[in-house]
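To be precise, the following lines are my_file_4.pdb, and they hold PDB, C-alpha atoms.
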```pdb
ATOM      1  CA  MET W  42       4.076 -24.340  21.429
ATOM      2  CA  SER W  43       7.577 -25.768  21.564
ATOM      3  CA  SER W  44       8.849 -22.739  23.461
ATOM      4  CA  ASN W  45       5.983 -23.127  25.934
ATOM      5  CA  ALA W  46       7.142 -26.664  26.666
ATOM      6  CA  ALA W  47      10.659 -25.421  27.397
ATOM      7  CA  GLN W  48       9.350 -22.623  29.605
ATOM      8  CA  LYS W  49       7.110 -25.030  31.490
ATOM      9  CA  LEU W  50      10.132 -27.169  32.317
ATOM     10  CA  ASN W  51      12.159 -24.095  33.280
ATOM     11  CA  ALA W  52      14.932 -25.068  30.872
ATOM     12  CA  LEU W  53      18.111 -23.061  30.467
ATOM     13  CA  PRO W  54      18.323 -20.646  27.495
ATOM     14  CA  ILE W  55      19.284 -22.072  24.131
ATOM     15  CA  ASP W  56      22.431 -19.929  23.906
ATOM     16  CA  TYR W  57      23.623 -21.485  27.168
ATOM     17  CA  ALA W  58      23.584 -24.833  25.410
ATOM     18  CA  HIS W  59      25.719 -23.478  22.604
ATOM     19  CA  LYS W  60      28.263 -21.931  24.932
ATOM     20  CA  ASN W  61      28.529 -24.576  27.599
ATOM     21  CA  ILE W  62      27.082 -27.948  26.682
ATOM     22  CA  SER W  63      29.761 -28.686  24.094
ATOM     23  CA  ASN W  64      32.559 -28.135  26.607
ATOM     24  CA  GLY W  65      30.899 -30.008  29.440
ATOM     25  CA  THR W  66      30.003 -27.047  31.655
ATOM     26  CA  SER W  67      27.087 -27.756  33.963
ATOM     27  CA  ASP W  68      24.304 -25.511  35.186
ATOM     28  CA  PRO W  69      25.848 -23.039  37.637
ATOM     29  CA  THR W  70      22.669 -22.785  39.692
ATOM     30  CA  GLY W  71      22.243 -26.515  40.128
ATOM     31  CA  ASP W  72      18.459 -26.129  39.770
ATOM     32  CA  VAL W  73      18.119 -27.230  36.138
ATOM     33  CA  ASP W  74      19.918 -30.130  34.525
ATOM     34  CA  TYR W  75      18.690 -29.681  30.951
ATOM     35  CA  THR W  76      18.639 -26.907  28.396
ATOM     36  CA  THR W  77      16.093 -25.552  25.945
ATOM     37  CA  LEU W  78      18.006 -27.223  23.132
ATOM     38  CA  GLU W  79      17.702 -30.607  24.840
ATOM     39  CA  VAL W  80      13.984 -30.099  25.467
ATOM     40  CA  LEU W  81      13.363 -29.113  21.841
ATOM     41  CA  THR W  82      15.393 -32.050  20.554
ATOM     42  CA  SER W  83      13.386 -34.514  22.633
ATOM     43  CA  LEU W  84      10.177 -32.734  21.653
ATOM     44  CA  CYS W  85      10.971 -33.059  17.943
ATOM     45  CA  MET W  86      11.774 -36.744  18.294
ATOM     46  CA  LEU W  87       8.579 -37.553  20.181
ATOM     47  CA  THR W  88       6.477 -35.452  17.798
ATOM     48  CA  GLY W  89       7.923 -37.386  14.868
ATOM     49  CA  ILE W  90       7.168 -40.690  16.576
ATOM     50  CA  PHE W  91       3.544 -39.645  17.111
ATOM     51  CA  GLN W  92       3.142 -38.558  13.483
ATOM     52  CA  PHE W  93       4.733 -41.725  12.124
ATOM     53  CA  ALA W  94       2.524 -43.858  14.369
ATOM     54  CA  MET W  95      -0.624 -41.981  13.326
ATOM     55  CA  GLY W  96       0.247 -42.513   9.677
ATOM     56  CA  PHE W  97       1.048 -46.186  10.259
ATOM     57  CA  ILE W  98      -2.366 -46.871  11.825
ATOM     58  CA  GLN W  99      -4.108 -44.898   9.055
ATOM     59  CA  LEU W 100      -5.315 -41.974  11.164
ATOM     60  CA  GLY W 101      -4.756 -39.753   8.158
ATOM     61  CA  SER W 102      -8.247 -40.739   7.047
ATOM     62  CA  LEU W 103      -9.544 -38.275   9.632
ATOM     63  CA  SER W 104      -8.360 -35.537   7.293
ATOM     64  CA  VAL W 105     -11.719 -35.758   5.520
ATOM     65  CA  ILE W 106     -12.943 -33.211   8.048
ATOM     66  CA  LEU W 107     -10.546 -30.688   6.476
ATOM     67  CA  SER W 108     -12.897 -29.379   3.806
ATOM     68  CA  ASP W 109     -11.811 -26.717   1.330
ATOM     69  CA  THR W 110     -13.640 -24.077   3.345
ATOM     70  CA  LEU W 111     -11.970 -25.180   6.567
ATOM     71  CA  VAL W 112      -8.551 -25.279   4.903
ATOM     72  CA  SER W 113      -8.991 -21.739   3.573
ATOM     73  CA  ALA W 114     -10.124 -20.483   6.966
ATOM     74  CA  PHE W 115      -7.281 -22.289   8.703
ATOM     75  CA  SER W 116      -4.702 -20.837   6.307
ATOM     76  CA  THR W 117      -6.115 -17.345   6.798
ATOM     77  CA  GLY W 118      -5.998 -17.774  10.563
ATOM     78  CA  CYS W 119      -2.373 -18.895  10.370
ATOM     79  CA  ALA W 120      -1.537 -15.863   8.248
ATOM     80  CA  ILE W 121      -3.128 -13.530  10.802
ATOM     81  CA  GLN W 122      -1.271 -15.286  13.612
ATOM     82  CA  VAL W 123       2.065 -14.941  11.824
ATOM     83  CA  ALA W 124       1.401 -11.295  10.942
ATOM     84  CA  THR W 125       0.531 -10.514  14.558
ATOM     85  CA  SER W 126       3.712 -12.172  15.798
ATOM     86  CA  GLN W 127       5.770  -9.879  13.549
ATOM     87  CA  LEU W 128       4.231  -6.580  14.664
ATOM     88  CA  ASN W 129       6.603  -6.207  17.616
ATOM     89  CA  SER W 130       9.581  -6.326  15.280
ATOM     90  CA  LEU W 131       7.851  -4.185  12.667
ATOM     91  CA  PHE W 132       7.405  -1.299  15.109
ATOM     92  CA  ASP W 133      10.435  -2.243  17.232
ATOM     93  CA  ILE W 134       8.412  -2.249  20.434
ATOM     94  CA  HIS W 135       8.341  -4.546  23.449
ATOM     95  CA  VAL W 136       4.954  -5.720  24.684
ATOM     96  CA  PRO W 137       4.829  -7.036  28.279
ATOM     97  CA  LYS W 138       3.795 -10.682  28.379
ATOM     98  CA  ASN W 139       2.369 -10.552  31.888
ATOM     99  CA  LYS W 140      -0.558  -8.257  31.035
ATOM    100  CA  VAL W 141      -3.844 -10.055  30.374
ATOM    101  CA  TYR W 142      -6.742  -8.047  28.957
ATOM    102  CA  VAL W 143      -8.922 -10.900  27.710
ATOM    103  CA  LYS W 144      -8.844 -14.098  29.759
ATOM    104  CA  TRP W 145     -10.887 -16.245  27.382
ATOM    105  CA  LEU W 146      -8.342 -18.424  25.554
ATOM    106  CA  PRO W 147      -9.875 -18.258  22.019
ATOM    107  CA  PHE W 148      -9.335 -14.484  22.084
ATOM    108  CA  LYS W 149      -5.794 -14.624  23.418
ATOM    109  CA  MET W 150      -4.523 -12.797  20.326
ATOM    110  CA  VAL W 151      -6.591  -9.786  21.354
ATOM    111  CA  ASN W 152      -4.155  -9.381  24.260
ATOM    112  CA  ASP W 153      -1.345  -8.979  21.751
ATOM    113  CA  TRP W 154      -3.264  -6.398  19.732
ATOM    114  CA  ILE W 155      -4.146  -4.330  22.798
ATOM    115  CA  GLY W 156      -0.592  -4.529  24.099
ATOM    116  CA  ILE W 157       0.800  -3.472  20.719
ATOM    117  CA  ALA W 158      -1.649  -0.559  20.524
ATOM    118  CA  GLU W 159      -0.530   0.642  23.961
ATOM    119  CA  GLN W 160       3.137   0.517  22.967
ATOM    120  CA  LEU W 161       2.779   2.261  19.600
ATOM    121  CA  VAL W 162       3.900   5.546  21.164
ATOM    122  CA  HIS W 163       7.325   3.928  21.606
ATOM    123  CA  THR W 164       7.644   2.997  17.932
ATOM    124  CA  ASN W 165      11.127   3.302  16.476
ATOM    125  CA  LEU W 166      10.404   5.356  13.354
ATOM    126  CA  VAL W 167      13.636   4.321  11.640
ATOM    127  CA  THR W 168      12.779   0.649  12.070
ATOM    128  CA  LEU W 169       9.222   1.293  10.904
ATOM    129  CA  GLY W 170      10.483   3.138   7.834
ATOM    130  CA  LEU W 171      12.880   0.332   6.922
ATOM    131  CA  SER W 172      10.134  -2.238   7.464
ATOM    132  CA  ALA W 173       7.652  -0.320   5.306
ATOM    133  CA  PHE W 174      10.227   0.076   2.540
ATOM    134  CA  GLY W 175      11.076  -3.626   2.675
ATOM    135  CA  ILE W 176       7.427  -4.698   2.519
ATOM    136  CA  ALA W 177       6.685  -2.300  -0.339
ATOM    137  CA  LEU W 178       9.706  -3.527  -2.286
ATOM    138  CA  LEU W 179       8.758  -7.167  -1.748
ATOM    139  CA  VAL W 180       5.193  -6.577  -2.938
ATOM    140  CA  PHE W 181       6.338  -4.566  -5.956
ATOM    141  CA  VAL W 182       8.875  -7.163  -7.081
ATOM    142  CA  LYS W 183       6.643 -10.179  -6.402
ATOM    143  CA  GLU W 184       3.531  -8.712  -8.012
ATOM    144  CA  TYR W 185       4.970  -6.743 -10.934
ATOM    145  CA  ILE W 186       8.628  -7.471 -11.660
ATOM    146  CA  GLU W 187       8.788 -11.227 -11.081
ATOM    147  CA  PRO W 188       5.859 -12.158 -13.394
ATOM    148  CA  LYS W 189       7.442 -10.147 -16.216
ATOM    149  CA  LEU W 190      10.829 -11.783 -15.679
ATOM    150  CA  LYS W 191       9.257 -15.247 -15.691
ATOM    151  CA  ALA W 192       7.369 -14.474 -18.887
ATOM    152  CA  LYS W 193      10.419 -12.991 -20.592
ATOM    153  CA  PHE W 194      12.838 -15.786 -19.724
ATOM    154  CA  LYS W 195      10.177 -18.541 -19.725
ATOM    155  CA  THR W 196      11.123 -19.882 -16.304
ATOM    156  CA  ASN W 197       9.396 -20.558 -12.996
ATOM    157  CA  ILE W 198      12.475 -19.759 -10.919
ATOM    158  CA  PRO W 199      11.507 -16.994  -8.459
ATOM    159  CA  PHE W 200      13.492 -13.778  -8.321
ATOM    160  CA  PRO W 201      15.534 -13.886  -5.056
ATOM    161  CA  ILE W 202      14.397 -10.501  -3.780
ATOM    162  CA  ASP W 203      13.958 -11.903  -0.255
ATOM    163  CA  ILE W 204      17.586 -12.848   0.303
ATOM    164  CA  MET W 205      18.749  -9.764  -1.591
ATOM    165  CA  LEU W 206      16.724  -7.605   0.783
ATOM    166  CA  VAL W 207      18.210  -9.317   3.839
ATOM    167  CA  ILE W 208      21.757  -8.884   2.543
ATOM    168  CA  GLY W 209      21.122  -5.293   1.485
ATOM    169  CA  PHE W 210      19.585  -4.240   4.796
ATOM    170  CA  THR W 211      22.344  -5.998   6.742
ATOM    171  CA  ILE W 212      25.041  -4.105   4.859
ATOM    172  CA  PHE W 213      23.105  -0.823   5.104
ATOM    173  CA  SER W 214      22.614  -1.252   8.858
ATOM    174  CA  TRP W 215      26.321  -1.947   9.319
ATOM    175  CA  LEU W 216      27.468   0.984   7.177
ATOM    176  CA  MET W 217      25.074   3.467   8.787
ATOM    177  CA  ASN W 218      25.567   2.061  12.297
ATOM    178  CA  LEU W 219      21.794   2.063  12.785
ATOM    179  CA  HIS W 220      21.886   0.073  16.010
ATOM    180  CA  THR W 221      24.049   2.621  17.818
ATOM    181  CA  LYS W 222      22.628   5.789  16.285
ATOM    182  CA  TYR W 223      18.929   4.928  16.124
ATOM    183  CA  GLN W 224      18.575   1.839  18.366
ATOM    184  CA  VAL W 225      17.458  -0.317  15.449
ATOM    185  CA  GLY W 226      17.266  -3.923  16.598
ATOM    186  CA  ILE W 227      19.845  -6.300  15.131
ATOM    187  CA  MET W 228      20.729  -9.964  15.523
ATOM    188  CA  GLY W 229      23.930  -9.145  17.362
ATOM    189  CA  ASN W 230      26.672 -11.677  17.872
ATOM    190  CA  ILE W 231      26.049 -15.070  16.275
ATOM    191  CA  PRO W 232      28.062 -17.862  17.943
ATOM    192  CA  LYS W 233      30.379 -19.840  15.707
ATOM    193  CA  GLY W 234      30.006 -23.549  15.154
ATOM    194  CA  LEU W 235      27.377 -25.972  16.410
ATOM    195  CA  PRO W 236      26.882 -27.835  19.692
ATOM    196  CA  ALA W 237      28.323 -31.342  19.744
ATOM    197  CA  PRO W 238      25.838 -33.966  18.418
ATOM    198  CA  LYS W 239      24.083 -35.950  21.121
ATOM    199  CA  LEU W 240      21.041 -38.169  21.463
ATOM    200  CA  PRO W 241      17.736 -36.725  22.725
ATOM    201  CA  ARG W 242      17.201 -37.059  26.458
ATOM    202  CA  LEU W 243      14.783 -39.896  27.041
ATOM    203  CA  ASP W 244      14.152 -38.880  30.645
ATOM    204  CA  LEU W 245      12.303 -35.806  29.365
ATOM    205  CA  LEU W 246       9.769 -37.720  27.282
ATOM    206  CA  SER W 247       7.284 -38.294  30.086
ATOM    207  CA  SER W 248       7.141 -34.541  30.728
ATOM    208  CA  ILE W 249       6.466 -33.527  27.126
ATOM    209  CA  ILE W 250       4.056 -36.223  25.911
ATOM    210  CA  MET W 251       1.016 -33.944  25.710
ATOM    211  CA  ASP W 252       2.996 -31.088  24.169
ATOM    212  CA  SER W 253       4.372 -33.440  21.520
ATOM    213  CA  LEU W 254       0.940 -34.869  20.725
ATOM    214  CA  VAL W 255      -0.592 -31.418  20.299
ATOM    215  CA  ILE W 256       2.294 -30.255  18.108
ATOM    216  CA  ALA W 257       2.056 -33.435  16.023
ATOM    217  CA  ILE W 258      -1.635 -32.837  15.314
ATOM    218  CA  VAL W 259      -1.312 -29.097  14.654
ATOM    219  CA  ALA W 260       1.759 -29.540  12.439
ATOM    220  CA  PHE W 261      -0.079 -32.196  10.439
ATOM    221  CA  ALA W 262      -3.122 -29.960  10.040
ATOM    222  CA  VAL W 263      -0.971 -27.054   8.829
ATOM    223  CA  SER W 264       1.043 -29.236   6.466
ATOM    224  CA  LEU W 265      -2.013 -30.974   5.050
ATOM    225  CA  SER W 266      -3.828 -27.672   4.595
ATOM    226  CA  LEU W 267      -0.974 -26.334   2.488
ATOM    227  CA  ALA W 268      -0.705 -29.643   0.628
ATOM    228  CA  LYS W 269      -4.406 -29.499  -0.237
ATOM    229  CA  ILE W 270      -4.050 -25.960  -1.547
ATOM    230  CA  PHE W 271      -1.193 -26.967  -3.852
ATOM    231  CA  ALA W 272      -2.939 -30.213  -4.840
ATOM    232  CA  LYS W 273      -6.027 -28.276  -5.862
ATOM    233  CA  LYS W 274      -3.958 -25.718  -7.755
ATOM    234  CA  HIS W 275      -1.874 -28.269  -9.667
ATOM    235  CA  LYS W 276      -4.619 -30.912  -9.945
ATOM    236  CA  TYR W 277      -3.139 -33.912  -8.170
ATOM    237  CA  LYS W 278      -4.196 -36.063  -5.220
ATOM    238  CA  ILE W 279      -2.501 -36.455  -1.864
ATOM    239  CA  ASP W 280      -2.423 -39.332   0.600
ATOM    240  CA  ALA W 281      -2.921 -38.047   4.147
ATOM    241  CA  ASN W 282      -1.343 -41.147   5.693
ATOM    242  CA  GLN W 283       1.697 -40.773   3.471
ATOM    243  CA  GLU W 284       1.961 -37.139   4.560
ATOM    244  CA  LEU W 285       1.884 -38.198   8.215
ATOM    245  CA  ILE W 286       4.584 -40.813   7.735
ATOM    246  CA  ALA W 287       6.711 -38.347   5.783
ATOM    247  CA  LEU W 288       6.368 -35.716   8.515
ATOM    248  CA  GLY W 289       7.242 -38.218  11.211
ATOM    249  CA  SER W 290      10.267 -39.503   9.315
ATOM    250  CA  ARG W 291      11.908 -36.115   8.825
TER     251      ARG W 291
END
```
As structure tokens:
Amino acid sequence: MSSNAAQKLNALPIDYAHKNISNGTSDPTGDVDYTTLEVLTSLCMLTGIFQFAMGFIQLGSLSVILSDTLVSAFSTGCAIQVATSQLNSLFDIHVPKNKVYVKWLPFKMVNDWIGIAEQLVHTNLVTLGLSAFGIALLVFVKEYIEPKLKAKFKTNIPFPIDIMLVIGFTIFSWLMNLHTKYQVGIMGNIPKGLPAPKLPRLDLLSSIIMDSLVIAIVAFAVSLSLAKIFAKKHKYKIDANQELIALGSR
């Protein structure tokens, strides 16, 4: 949703901000006077203001509509959405965004599935193999190794297989030169440093009010859904208004 707001405003790419904003370079085209980074910064600020305000006026009480059944369904839907968003990287394929197979908005994800199915013939088998190995290793360690380690050492500290896998695959990709030999996608060059700190652009707020409000509500629903799951698991109560204020204050 945040990227949609930046695209709607035709903002410059985020890497342009990193390269040029800190040294005062302006937009070479003269058509756009703000970057994606500036849009996202203003969006985050306004979203936080909305969430804090909703918590302050006790709108968290509306969370009663989030029943256990709804929370479970919502969490499952989020999981499916996240899994779908990762399929392009899993198969190392590129699905055109301009093709629309199903125009009805609630079934927008079907467009992604159809597009992915059409592009499966272009799957990078090396990438797929690495992905499958990584997933299998994660499942094996999380489901079988980690519980035994926790029981043996009497600790709840998780085994850091995730970061170990990232480091291991990064080194393996570099040593085997997978990007050049097999066109395996990599992060590429990561710019050094950070853009110079600056205040959010207030002149953008009027253009992103609705986007910020929608994000504030959706982010609260996601956060509260997860909070309810953990509260039920560990037998404690949560205050929805406190959650809203905490989200808005971050």
Find the spatial neighbours of segment 79-94 of chain W, counting all atoms listed in the file, within a cut-off of 6 Å - ignore same-chain residues fewer than 6 positions away - and output them as a PDB file with C-alpha atoms, in the coordinates of the input.
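Saved the output as around-v4.pdb:
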```
ATOM      1  CA  PRO W 241      17.736 -36.725  22.725  1.00  0.00           C
ATOM      2  CA  ARG W 242      17.201 -37.059  26.458  1.00  0.00           C
ATOM      3  CA  SER W 253       4.372 -33.440  21.520  1.00  0.00           C
ATOM      4  CA  ALA W 257       2.056 -33.435  16.023  1.00  0.00           C
ATOM      5  CA  LEU W 285       1.884 -38.198   8.215  1.00  0.00           C
ATOM      6  CA  ILE W 286       4.584 -40.813   7.735  1.00  0.00           C
ATOM      7  CA  GLY W 289       7.242 -38.218  11.211  1.00  0.00           C
TER       8      GLY W 289
END
```
Residues at most 9 Å from segment 266-268 of chain W, counting all atoms listed in the file, excluding those fewer than 2 positions away in the same chain, as an mmCIF file with C-alpha atoms, keeping the file's coordinate frame?
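File produced: part.cif:
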```cif
data_model
loop_
_atom_site.group_PDB
_atom_site.id
_atom_site.type_symbol
_atom_site.label_atom_id
_atom_site.label_comp_id
_atom_site.auth_asym_id
_atom_site.auth_seq_id
_atom_site.Cartn_x
_atom_site.Cartn_y
_atom_site.Cartn_z
ATOM 1 C CA LEU W 107 -10.546 -30.688 6.476
ATOM 2 C CA ASP W 109 -11.811 -26.717 1.330
ATOM 3 C CA LEU W 111 -11.970 -25.180 6.567
ATOM 4 C CA VAL W 112 -8.551 -25.279 4.903
ATOM 5 C CA SER W 113 -8.991 -21.739 3.573
ATOM 6 C CA PHE W 115 -7.281 -22.289 8.703
ATOM 7 C CA SER W 116 -4.702 -20.837 6.307
ATOM 8 C CA PHE W 261 -0.079 -32.196 10.439
ATOM 9 C CA ALA W 262 -3.122 -29.960 10.040
ATOM 10 C CA VAL W 263 -0.971 -27.054 8.829
ATOM 11 C CA SER W 264 1.043 -29.236 6.466
ATOM 12 C CA ILE W 270 -4.050 -25.960 -1.547
ATOM 13 C CA PHE W 271 -1.193 -26.967 -3.852
ATOM 14 C CA ALA W 272 -2.939 -30.213 -4.840
ATOM 15 C CA LYS W 273 -6.027 -28.276 -5.862
ATOM 16 C CA ILE W 279 -2.501 -36.455 -1.864
ATOM 17 C CA GLU W 284 1.961 -37.139 4.560
#
```
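Counting all atoms listed in the file and comparing W:Leu131, W:Phe194, W:Lys274, W:Met228, the residue that lies closest to Ile176 of chain W is W:Leu131.
With only C-alpha atoms as the atoms that count, the residue of W:Ser126, W:Ser214, W:Ser108, W:Thr117 with the shortest distance to Leu171 of chain W is W:Ser214.
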Notebook entry, point to check: Which residues match the PyMOL selection byres ((chain W and resi 223) around 12) in the file above, as an MDAnalysis selection string?
Noted result: chainID W and resid 133 164:171 214 217:222 224:227
(request) Starting from the point (8.5, 0.7, 22.1), work out which residues of protein, DNA or RNA have an atom no more than 10 Å away when counting only C-alpha atoms; state them as a list in words. (result) Asn129, Ser130, Phe132, Asp133, Ile134, His135, Val136, Ile157, Glu159, Gln160, Leu161, Val162, His163, Thr164 and Asn165 of chain W
>> Can you tell me which residues surround Pro201 of chain W at a distance of at most 10 Å, considering all atoms listed in the file, apart from same-chain residues fewer than 5 positions away, and format the answer as a ChimeraX atom specification?
In response: /W:182-183,187,206
I need the residues from that last selection saved to file as a short mmCIF file (atom, residue, chain, number, x, y, z; two decimals), in the coordinates of the input (with C-alpha atoms), if you can.
```cif
data_model
loop_
_atom_site.label_atom_id
_atom_site.label_comp_id
_atom_site.auth_asym_id
_atom_site.auth_seq_id
_atom_site.Cartn_x
_atom_site.Cartn_y
_atom_site.Cartn_z
CA VAL W 182 8.88 -7.16 -7.08
CA LYS W 183 6.64 -10.18 -6.40
CA GLU W 187 8.79 -11.23 -11.08
CA LEU W 206 16.72 -7.60 0.78
#
```
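As for atom CA of Gly101 of chain W and atom CA of Ala281 of chain W, they are spaced 4.7 Å apart.
Between atom CA of Tyr277 of chain W and atom CA of Ile106 of chain W the interatomic distance comes to 19.0 Å.
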Students should find that atom CA of Lys149 of chain W and atom CA of Ala120 of chain W are spaced 15.8 Å
* Asked: Which neighbours of segment 138-141 of chain W fall inside 10 Å, counting all atoms listed in the file, when residues of the same chain fewer than 4 positions from it are skipped, and could you give them as a PyMOL selection string?
  -> chain W and resi 145+149+151-153+155-156
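Residue nearest Ala260 of chain W within the list W:Ile208, W:Leu288, W:Asn282, W:Leu128: W:Leu288 [criterion: smallest interatomic distance, all atoms listed in the file].
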Residue with the minimum atom-to-atom distance to Leu78 of chain W, picked from W:Ala124, W:Ala158, W:Leu265, W:Leu235 with only C-alpha atoms counted, is W:Leu235
